[in-house]
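Quick notes on the structure that follows.
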Amino acid sequence: MPDPDRASTVPTLYLIIRSRSMQNHAAEVHQIEDSFARLVDTVLILIKVGFSCYNLCQGWTQPSSPAATTPDRRGDVDGKEPVTTLDDIDRAILNQLQDNGRRTNAELAMLIGLSPSATLRRVRTLEESGVIERYVTLISREAAGRPTTVFVEISLAGQSEADLDAFEAAIVECPEVMSCHLMAGNADYLVQVACADVGDYERIHRNHLSQLPGVSRIRSSFALRAICGRTGFEL
């Protein structure tokens with residue numbers, strides 16, 4: 001007759017072996033899952049490092065073409081380095097700053113797709129080379145009490161260097177003069193004046209413009225309204 005103890009031992013051993021096999025299999029699955037998770041983390045880190053290196057390279061001021069390294073000899077103004085040819089990233093920075101000069105470096109970097117450090121280096125280079133001359137705040141002419149614009153054509157009695165220098169030194173001292181251009185044409189200078197009204201312009205004409213050195217003729221034209229007034233260049 002079969003031994004009943006032996007008969008009951010065989011299924012017990014089978015169950016123990018099967019249980020241990022399943023435990024070993026589960027441990028192997030966990031090891032594989034852990035290895036895969038570490039691999040994914042490593043790949044993500046490498047991707048981040050790759051993007052950082054790309055942004056850093058994009059921030060260098062070394063253009064890819066020989067033409068971009070050629071300086072544009074537009075003068076060494078105020079001891080600044082000569083202006084260099086702008087690339088696409090420079091134009092993107094300038095367009096954003098012309099739209100809003102108060103953008104933070106972090107905001108500017110996000111808008112143009114560079115790292116903050118690379119963006120800051122670009123802006124510093126544009127400032128030092130004279131591309132960015134200065135930062136200003138535009139205020140309402142009405143709020144400033146000067147809503148009226150007058151364009152004034154001025155002719156001088158003489159055309160010598162001394163005559164021109166004397167006039168130009170004096171015109172810049174008039175606070176109501178917003179711009180003054182040396183012209184080629186009937187008049188020698190075109191001056192833009194911002195004033196409160198006709199009466200205010202009469203004061204400026206009497207006390208300032210007519211007293212400028214060498215002036216022989218003044219012709220004034222009042223602007224009815226401004227059609228457009230841009231402060232930025234489309235790059």
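Every chain in the structure tokens takes a letter, A first, then B, and so on in the order presented; its residues are numbered from 1, and the ligands are numbered from 1 following the presented order.
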Review point. Could you write out, as a ChimeraX atom specification, all the residues of stretch 63-178 of chain A that DSSP marks as helix (DSSP H, G or I)?
Key: /A:66-69,77-79,88-99,105-112,116-128,141-144,161-171
Exercise for review: Please indicate the distance in Å from atom CA of A:Ile154 to atom CA of A:Val136, rounded to one decimal place.
Suggested key: 28.6 Å
Review point. What is the distance between atom CA of A:Gly101 and atom CA of A:Glu127, in Å to one decimal?
Key: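 Going from atom CA of A:Gly101 over to atom CA of A:Glu127, I get 12.7 Å.
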Exercise for review: Using atom CA of A:Phe222 and atom CA of A:Glu234 as the two end points, give the distance in Å to one decimal.
Suggested key: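 The value is 28.6 Å.
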Practice item. Determine, counting only C-alpha atoms, which protein, DNA and RNA residues have an atom within 7 Å of an atom of stretch 103-106 of chain A; residues of the same chain fewer than 3 positions away are not included. Present the result as a list in words. Key: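 Using only C-alpha atoms, the neighbours found are Leu97, Asn100, Ala109, Met110, Pro116 and Leu120 of chain A.
All residues within stretch 90-167 of chain A that the backbone DSSP calculation assigns to strand (DSSP E or B) are Thr148, Thr149, Val150, Phe151, Val152, Glu153, Ile154, Ser155 and Leu156 of chain A.
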Which residues come within 10 Å of stretch 171-180 of chain A, counting only C-alpha atoms, excluding same-chain residues fewer than 6 positions away, as a short mmCIF file (atom, residue, chain, number, x, y, z; two decimals) with N, CA and C atoms, in the first residue's frame?
```
data_model
loop_
_atom_site.label_atom_id
_atom_site.label_comp_id
_atom_site.auth_asym_id
_atom_site.auth_seq_id
_atom_site.Cartn_x
_atom_site.Cartn_y
_atom_site.Cartn_z
N ARG A 146 2.59 119.30 -24.26
CA ARG A 146 3.11 119.74 -25.56
C ARG A 146 2.44 118.94 -26.68
N THR A 149 2.70 120.02 -32.67
CA THR A 149 3.97 119.81 -33.36
C THR A 149 4.11 120.84 -34.47
N VAL A 150 5.28 121.46 -34.54
CA VAL A 150 5.58 122.44 -35.58
C VAL A 150 6.88 122.04 -36.25
N PHE A 151 6.86 121.99 -37.59
CA PHE A 151 8.07 121.72 -38.36
C PHE A 151 8.57 123.05 -38.91
N VAL A 152 9.83 123.34 -38.61
CA VAL A 152 10.40 124.66 -38.92
C VAL A 152 11.58 124.48 -39.87
N GLU A 153 11.52 125.17 -41.02
CA GLU A 153 12.63 125.20 -41.97
C GLU A 153 13.44 126.47 -41.71
N TYR A 189 18.21 123.63 -42.44
CA TYR A 189 17.86 122.76 -41.32
C TYR A 189 16.34 122.57 -41.26
N LEU A 190 15.96 121.37 -40.84
CA LEU A 190 14.56 121.08 -40.54
C LEU A 190 14.47 120.77 -39.05
N VAL A 191 13.68 121.58 -38.34
CA VAL A 191 13.59 121.47 -36.88
C VAL A 191 12.18 121.07 -36.49
N GLN A 192 12.06 120.13 -35.58
CA GLN A 192 10.76 119.73 -35.04
C GLN A 192 10.61 120.30 -33.64
N VAL A 193 9.54 121.06 -33.44
CA VAL A 193 9.29 121.71 -32.17
C VAL A 193 8.02 121.15 -31.55
N ALA A 194 8.04 120.84 -30.28
CA ALA A 194 6.87 120.41 -29.53
C ALA A 194 6.47 121.53 -28.57
N CYS A 195 5.22 121.99 -28.68
CA CYS A 195 4.78 123.11 -27.86
C CYS A 195 3.34 122.90 -27.41
N ALA A 196 2.86 123.81 -26.57
CA ALA A 196 1.51 123.67 -26.03
C ALA A 196 0.45 124.08 -27.05
N TYR A 201 4.08 128.55 -29.25
CA TYR A 201 5.07 128.57 -30.34
C TYR A 201 5.54 129.99 -30.64
N ILE A 204 8.34 130.64 -28.36
CA ILE A 204 9.55 129.92 -28.77
C ILE A 204 10.19 130.61 -29.98
N ASN A 207 11.66 134.10 -28.70
CA ASN A 207 12.75 134.08 -27.71
C ASN A 207 13.89 133.15 -28.06
N HIS A 208 13.64 132.17 -28.92
CA HIS A 208 14.67 131.17 -29.21
C HIS A 208 15.06 131.11 -30.69
N LEU A 209 14.10 130.75 -31.53
CA LEU A 209 14.44 130.48 -32.93
C LEU A 209 14.99 131.72 -33.64
N GLN A 211 16.47 134.13 -32.43
CA GLN A 211 17.70 134.59 -31.79
C GLN A 211 18.91 133.69 -32.09
N LEU A 212 18.69 132.62 -32.84
CA LEU A 212 19.78 131.70 -33.15
C LEU A 212 20.80 132.39 -34.06
N PRO A 213 22.08 132.10 -33.91
CA PRO A 213 23.11 132.79 -34.70
C PRO A 213 23.05 132.43 -36.18
#
```
Review point. Given the choices A:Ala143, A:Thr148, A:Arg225, A:Ile112, which gets closest to A:Gly199 if the distance is worked out from only C-alpha atoms?
Key: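 Looking only at the distances to A:Gly199, the closest residue turns out to be A:Thr148.
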